[in-house]
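K.L.:
Sending over model15.tsv (TSV, C-alpha atoms).
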chain	number	residue	atom	x	y	z
A	1	MET	CA	0.00	0.00	0.00
A	2	GLU	CA	1.24	3.47	-0.85
A	3	GLY	CA	0.71	6.64	1.12
A	4	GLN	CA	1.73	8.61	4.18
A	5	ILE	CA	1.26	8.42	7.93
A	6	SER	CA	1.68	11.07	10.59
A	7	SER	CA	2.79	9.64	13.91
A	8	HIS	CA	4.81	10.17	17.05
A	9	VAL	CA	7.62	8.01	18.39
A	10	LEU	CA	6.81	5.63	21.24
A	11	GLY	CA	10.21	3.95	21.43
A	12	VAL	CA	11.88	0.80	20.21
A	13	GLU	CA	11.04	-2.87	20.52
A	14	ALA	CA	12.26	-6.24	19.29
A	15	VAL	CA	9.42	-8.17	17.67
A	16	SER	CA	9.09	-11.36	15.69
A	17	VAL	CA	7.39	-11.61	12.32
A	18	VAL	CA	6.67	-14.61	10.13
A	19	LYS	CA	8.50	-14.63	6.80
A	20	ALA	CA	8.31	-17.61	4.45
A	21	GLY	CA	6.85	-19.73	7.24
A	22	LYS	CA	9.64	-18.91	9.71
A	23	SER	CA	9.71	-16.37	12.51
A	24	ILE	CA	12.53	-13.83	12.53
A	25	VAL	CA	13.33	-11.20	15.16
A	26	VAL	CA	13.36	-7.61	13.91
A	27	ARG	CA	14.38	-4.49	15.83
A	28	VAL	CA	11.84	-1.76	15.15
A	29	MET	CA	10.92	1.77	16.08
A	30	LYS	CA	7.36	1.79	17.36
A	31	LEU	CA	5.06	4.64	16.33
A	32	ALA	CA	1.60	5.77	17.39
A	33	ILE	CA	-0.41	6.62	14.26
A	34	ASP	CA	-2.00	10.08	14.54
A	35	SER	CA	-3.42	10.15	11.01
A	36	GLU	CA	-2.97	8.33	7.71
A	37	ASP	CA	-3.51	8.82	4.02
A	38	LEU	CA	-3.18	5.37	2.45
A	39	ASP	CA	-4.72	3.67	-0.55
A	40	TRP	CA	-5.68	0.64	1.60
A	41	THR	CA	-5.35	-1.96	-1.13
A	42	GLN	CA	-5.26	-4.38	1.79
A	43	GLU	CA	-8.25	-4.88	4.03
A	44	PRO	CA	-9.51	-4.76	6.78
A	45	ARG	CA	-10.33	-1.07	7.11
A	46	ASP	CA	-10.30	-1.26	10.91
A	47	ASN	CA	-7.02	0.60	10.83
A	48	PRO	CA	-4.34	-0.36	13.36
A	49	ASN	CA	-3.18	2.45	15.65
A	50	ILE	CA	0.45	1.30	15.81
A	51	ALA	CA	3.05	1.43	13.05
A	52	MET	CA	6.52	-0.11	13.05
A	53	ILE	CA	9.55	0.72	10.94
A	54	PRO	CA	12.74	-1.36	10.94
A	55	PHE	CA	15.24	0.31	13.27
A	56	VAL	CA	17.97	0.01	10.64
A	57	ASP	CA	16.05	2.55	8.52
A	58	VAL	CA	16.05	5.29	11.18
A	59	PHE	CA	18.84	4.60	13.65
A	60	ALA	CA	21.08	7.37	12.25
A	61	GLN	CA	18.37	10.01	12.47
A	62	PRO	CA	18.31	12.37	15.51
A	63	ILE	CA	14.88	11.20	16.65
A	64	GLU	CA	13.68	11.14	20.26
A	65	ILE	CA	10.71	9.70	22.13
A	66	ASN	CA	7.47	11.60	21.32
A	67	ASP	CA	8.95	13.31	18.25
A	68	ALA	CA	6.50	13.80	15.39
A	69	LEU	CA	7.34	11.60	12.43
A	70	ASN	CA	5.78	11.65	8.95
A	71	ILE	CA	6.61	8.71	6.69
A	72	THR	CA	5.82	8.46	2.99
A	73	GLY	CA	6.31	5.15	1.25
A	74	GLN	CA	5.10	1.58	1.08
A	75	PHE	CA	3.17	-0.12	3.91
A	76	GLN	CA	1.55	-3.45	4.68
A	77	LEU	CA	-0.52	-4.97	7.46
A	78	GLN	CA	1.60	-7.31	9.55
A	79	HIS	CA	0.99	-9.49	12.59
A	80	THR	CA	3.79	-9.33	15.14
A	81	LEU	CA	4.69	-12.11	17.53
A	82	PRO	CA	6.15	-11.96	21.04
A	83	THR	CA	9.86	-12.76	21.06
A	84	THR	CA	9.16	-16.00	22.93
A	85	GLY	CA	6.66	-18.77	22.23
A	86	GLN	CA	6.42	-18.09	18.48
A	87	GLN	CA	6.21	-21.73	17.42
A	88	ARG	CA	3.31	-22.38	19.79
A	89	ILE	CA	1.40	-19.39	18.40
A	90	ILE	CA	2.17	-20.35	14.79
A	91	ALA	CA	0.89	-23.87	15.48
A	92	GLN	CA	-2.30	-22.44	17.03
A	93	LYS	CA	-2.88	-20.24	13.99
A	94	GLN	CA	-2.39	-23.17	11.63
A	95	LEU	CA	-4.85	-25.21	13.69
A	96	ALA	CA	-7.44	-22.41	13.64
A	97	ASP	CA	-7.06	-21.96	9.87
A	98	GLN	CA	-7.33	-25.71	9.24
A	99	ARG	CA	-10.39	-25.97	11.48
A	100	LEU	CA	-12.19	-23.11	9.74
A	101	MET	CA	-11.38	-24.39	6.26
A	102	GLY	CA	-12.47	-27.87	7.35
A	103	ASN	CA	-15.80	-26.46	8.60
A	104	LEU	CA	-16.30	-24.82	5.23
A	105	GLN	CA	-15.41	-27.97	3.28
A	106	HIS	CA	-17.90	-30.04	5.31
A	107	TRP	CA	-20.61	-27.43	4.79
A	108	LEU	CA	-19.87	-27.20	1.05
A	109	LYS	CA	-20.36	-30.95	0.59
A	110	ARG	CA	-23.82	-30.69	2.10
A	111	TYR	CA	-25.21	-27.34	1.05
A	112	SER	CA	-23.40	-25.84	-1.96
A	113	LYS	CA	-23.55	-26.38	-5.67
A	114	PRO	CA	-20.41	-27.80	-7.33
A	115	ASN	CA	-19.73	-24.62	-9.30
A	116	GLN	CA	-19.73	-22.52	-6.08
A	117	ARG	CA	-16.98	-24.41	-4.28
A	118	HIS	CA	-14.07	-22.44	-5.76
A	119	ASP	CA	-15.68	-19.06	-4.97
A	120	PHE	CA	-16.34	-20.04	-1.35
A	121	GLU	CA	-12.78	-21.33	-0.87
A	122	GLN	CA	-11.22	-18.17	-2.33
A	123	VAL	CA	-13.27	-15.94	-0.04
A	124	MET	CA	-12.30	-18.03	2.99
A	125	LYS	CA	-8.62	-17.76	2.02
A	126	ARG	CA	-8.97	-13.96	1.98
A	127	PHE	CA	-10.46	-14.07	5.48
A	128	LEU	CA	-7.65	-16.30	6.77
A	129	ALA	CA	-5.14	-13.86	5.25
A	130	ASP	CA	-6.76	-10.98	7.22
A	131	GLN	CA	-8.06	-9.35	4.06
A	132	LEU	CA	-11.69	-9.55	5.22
A	133	ASP	CA	-13.33	-9.23	8.60
A	134	PHE	CA	-15.95	-11.80	9.65
A	135	SER	CA	-19.00	-9.72	8.73
A	136	ASP	CA	-17.59	-9.13	5.23
A	137	LEU	CA	-16.85	-12.85	4.96
A	138	MET	CA	-20.46	-13.77	5.64
A	139	LEU	CA	-21.75	-11.10	3.26
A	140	ALA	CA	-19.49	-12.49	0.54
A	141	PHE	CA	-20.80	-16.00	1.24
A	142	ALA	CA	-24.37	-14.69	1.01
A	143	GLU	CA	-23.63	-13.09	-2.36
A	144	ILE	CA	-22.31	-16.40	-3.70
A	145	LEU	CA	-25.52	-18.10	-2.55
A	146	GLY	CA	-27.58	-15.37	-4.16
A	147	SER	CA	-28.94	-14.17	-0.82
A	148	ASP	CA	-28.96	-10.52	0.26
A	149	ASP	CA	-29.57	-11.19	3.95
A	150	VAL	CA	-27.22	-13.35	6.00
A	151	SER	CA	-29.55	-13.48	9.02
A	152	HIS	CA	-32.35	-15.09	6.98
A	153	SER	CA	-30.25	-17.83	5.42
A	154	PRO	CA	-30.59	-21.08	7.41
A	155	ARG	CA	-27.67	-22.57	5.51
A	156	LEU	CA	-25.34	-19.72	6.47
A	157	LYS	CA	-26.52	-19.87	10.08
A	158	LYS	CA	-25.45	-23.53	10.16
A	159	LEU	CA	-22.04	-22.55	8.77
A	160	GLN	CA	-21.64	-19.80	11.38
A	161	THR	CA	-22.47	-22.25	14.17
A	162	SER	CA	-19.96	-24.82	12.94
A	163	MET	CA	-17.22	-22.16	12.77
A	164	GLN	CA	-17.52	-20.93	16.37
A	165	SER	CA	-14.73	-23.01	17.90
A	166	GLY	CA	-12.33	-22.11	15.10
A	167	LEU	CA	-13.22	-18.44	15.39
A	168	LYS	CA	-12.59	-18.46	19.15
A	169	LEU	CA	-9.18	-20.05	18.63
A	170	ARG	CA	-8.40	-17.54	15.90
A	171	GLN	CA	-9.41	-14.66	18.17
A	172	HIS	CA	-7.15	-16.01	20.91
A	173	VAL	CA	-4.23	-16.17	18.46
A	174	ASN	CA	-4.88	-12.64	17.16
A	175	GLN	CA	-4.84	-11.28	20.70
A	176	GLN	CA	-1.30	-12.62	21.00
A	177	THR	CA	-0.27	-11.31	17.57
A	178	PRO	CA	-1.37	-7.66	17.25
A	179	LEU	CA	-1.88	-6.28	13.75
A	180	VAL	CA	0.34	-3.28	12.97
A	181	LEU	CA	1.05	-1.08	9.99
A	182	TRP	CA	4.51	-2.12	8.81
A	183	VAL	CA	6.73	0.26	6.84
A	184	THR	CA	8.13	-1.89	4.04
A	185	GLU	CA	9.84	0.99	2.25
A	186	ALA	CA	10.29	4.51	3.60
A	187	GLU	CA	10.70	6.81	0.62
A	188	MET	CA	10.72	9.98	2.71
A	189	ILE	CA	10.90	10.72	6.44
A	190	ASP	CA	10.00	14.13	7.81
A	191	PHE	CA	10.47	14.63	11.53
A	192	GLN	CA	10.07	17.47	14.01
A	193	SER	CA	11.76	17.29	17.38
A	194	ASP	CA	12.36	19.70	20.24
A	195	ALA	CA	16.06	19.61	19.51
A	196	ALA	CA	15.97	20.08	15.75
A	197	THR	CA	14.15	21.95	13.03
A	198	SER	CA	12.00	20.17	10.51
A	199	ASN	CA	13.91	17.85	8.22
A	200	ASP	CA	12.56	16.48	5.02
A	201	GLY	CA	13.71	15.10	1.73
A	202	PRO	CA	14.70	11.70	0.39
A	203	LEU	CA	16.57	9.34	2.66
A	204	THR	CA	20.33	9.30	2.33
A	205	VAL	CA	22.98	6.96	3.65
A	206	ILE	CA	24.72	8.51	6.64
A	207	ARG	CA	28.12	7.18	7.63
A	208	LEU	CA	29.19	7.99	11.16
A	209	ASP	CA	32.68	7.11	12.37
A	210	GLY	CA	32.56	5.00	15.50
A	211	HIS	CA	28.79	4.77	15.36
A	212	SER	CA	26.86	1.60	14.55
A	213	ILE	CA	23.32	0.34	14.65
A	214	ASP	CA	24.20	-1.75	17.72
A	215	GLN	CA	25.48	1.31	19.57
A	216	SER	CA	22.41	3.28	18.61
A	217	TRP	CA	20.18	0.39	19.72
A	218	ALA	CA	21.91	0.27	23.09
A	219	LYS	CA	21.33	4.00	23.54
A	220	TRP	CA	17.64	3.60	22.70
A	221	GLN	CA	17.32	0.72	25.12
A	222	GLN	CA	18.69	3.05	27.80
A	223	LYS	CA	16.21	5.74	26.77
A	224	MET	CA	13.38	3.25	27.14
A	225	ALA	CA	14.60	2.17	30.58
A	226	ASP	CA	14.92	5.81	31.67
A	227	ALA	CA	11.40	6.56	30.43
A	228	LYS	CA	9.95	3.69	32.48
A	229	ASN	CA	11.67	4.96	35.61
A	230	GLN	CA	10.33	8.49	35.30
Give the structure from the file, written as structure tokens.
P.N.:
Amino acid sequence: MEGQISSHVLGVEAVSVVKAGKSIVVRVMKLAIDSEDLDWTQEPRDNPNIAMIPFVDVFAQPIEINDALNITGQFQLQHTLPTTGQQRIIAQKQLADQRLMGNLQHWLKRYSKPNQRHDFEQVMKRFLADQLDFSDLMLAFAEILGSDDVSHSPRLKKLQTSMQSGLKLRQHVNQQTPLVLWVTEAEMIDFQSDAATSNDGPLTVIRLDGHSIDQSWAKWQQKMADAKNQ
């Protein structure tokens, strides 16, 4: 997704994300989203209120906690995992997805027409990929059935009932894996801090003698500790 967000800096955090089926730890700067102007090619539209940008993209910038930060570039919705227990959560998510798809397959054998099976499966895959919320999922199912009212479709009510255990497990997993707006490519960063004037323009590589991302990370970790103690 392309666009811009206006935010303020909350601090830094190490989070885990799933890439190619494996969880990797990423150091990020955590941002509170104040406003956004995005094309939202991804759904759902229940916008997350937290954004994260890889720390490597901003560590050389003179940014402080609570500084205003505007980012223009590419974004995506991303679930983050706690740094421990990732495999257990991944296994729970796989179980929830399998259970929900299994519920659908069982229901399709009994209630659907053969030429509808593909459409139902594709819509369910969008839901499992967090591209639809549950109400939109059921509306899409109703459209495939040719019904304009989910509440008056006995067949869809049966499907909803069969999905309850899978939905509860999925909700439990999602509570452990918050959805954030992830900065995949920052084309421009504009920040305003108490210690500096506004800075804008395309990102450039900054080389600092005796300064590394690890040193900057250690300083931010100290800032976070100091902030907790205040």
K.L.:
If we count only C-alpha atoms, what is near Ile90 (chain A) at a cut-off of 10 Å, once residues fewer than 3 positions away on the same chain are taken out, given as a list in words?
P.N.:
Val18, Gly21, Lys22, Ser23, Leu81, Gly85, Gln86, Gln87, Lys93, Gln94, Leu95, Ala96, Val173 and Thr177 of chain A
K.L.:
Here is a test: counting only C-alpha atoms, which residue of A:Ser147, A:Gln116, A:Ser7, A:Gln171 is nearest to Asn66 (chain A)?
P.N.:
A:Ser7
K.L.:
Within 10 Å of (-23.0, -16.0, 12.4), in the coordinates the file gives, what residues turn up when you count all atoms listed in the file, written out as a PyMOL selection string?
P.N.:
chain A and resi 134-135+138+150-151+156-164
K.L.:
With distances taken over only C-alpha atoms, which of A:Met29, A:Leu108, A:Met124, A:Ile89 is nearest to Gln61 (chain A)?
P.N.:
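Of A:Met29, A:Leu108, A:Met124, A:Ile89, the one nearest Gln61 (chain A), counting only C-alpha atoms, is A:Met29.
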K.L.:
Sorted by chain and rising residue number, which residues of region 96-195 of chain A lie within 6 Å of region 72-75 of chain A, and what are their closest atom pairs and distances in Å to one decimal, counting all atoms listed in the file, as JSON lines?
P.N.:
{"residue": "A:Trp182", "atom": "CA", "partner": "A:Phe75", "partner_atom": "CA", "distance": 5.5}
{"residue": "A:Val183", "atom": "CA", "partner": "A:Phe75", "partner_atom": "CA", "distance": 4.6}
{"residue": "A:Thr184", "atom": "CA", "partner": "A:Phe75", "partner_atom": "CA", "distance": 5.3}
{"residue": "A:Glu185", "atom": "CA", "partner": "A:Gln74", "partner_atom": "CA", "distance": 4.9}
{"residue": "A:Ala186", "atom": "CA", "partner": "A:Gly73", "partner_atom": "CA", "distance": 4.7}
{"residue": "A:Glu187", "atom": "CA", "partner": "A:Gly73", "partner_atom": "CA", "distance": 4.7}
{"residue": "A:Met188", "atom": "CA", "partner": "A:Thr72", "partner_atom": "CA", "distance": 5.1}
K.L.:
As a ChimeraX atom specification, please: the residues near Val25 (chain A) (cut-off 10 Å, only C-alpha atoms, same-chain neighbours under 6 positions excluded).
P.N.:
/A:14-18,80-83
K.L.:
Please compute the CA of Tyr111 (chain A)-CA of Leu132 (chain A) distance, one decimal, in Å.
P.N.:
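About the pair CA of Tyr111 (chain A) and CA of Leu132 (chain A): they are 22.7 Å apart.
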K.L.:
When you count only C-alpha atoms, which of these residues is closest to Ile5 (chain A): A:Met224, A:Leu128, A:Val28, A:Leu69?
P.N.:
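Of the candidates, the smallest distance to Ile5 (chain A) is held by A:Leu69.
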K.L.:
Contacts of Leu181 (chain A) at 9 Å or less, counting only C-alpha atoms, minus same-chain residues fewer than 2 places along, as a list in words?
P.N.:
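The contact residues come out as Ile33, Asn47, Pro48, Asn49, Ile50, Ala51, Met52, Ile53, Phe75, Gln76, Leu77, Gln78, His79, Leu179 and Val183 of chain A.
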K.L.:
Using only C-alpha atoms, pick whichever of A:Leu139, A:Lys168, A:Arg155, A:Val56 has the shortest atom-to-atom distance to Leu100 (chain A).
P.N.:
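Answer, going by the shortest atom-to-atom distance: A:Lys168.
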K.L.:
Could you write out as lines of an AutoDock Vina configuration file the box around region 6-20 of chain A (axis-aligned, all atoms listed in the file, 4 Å on each side), with centre and edge lengths in Å to one decimal?
P.N.:
center_x = 7.0
center_y = -3.3
center_z = 12.9
size_x = 18.6
size_y = 36.7
size_z = 25.0
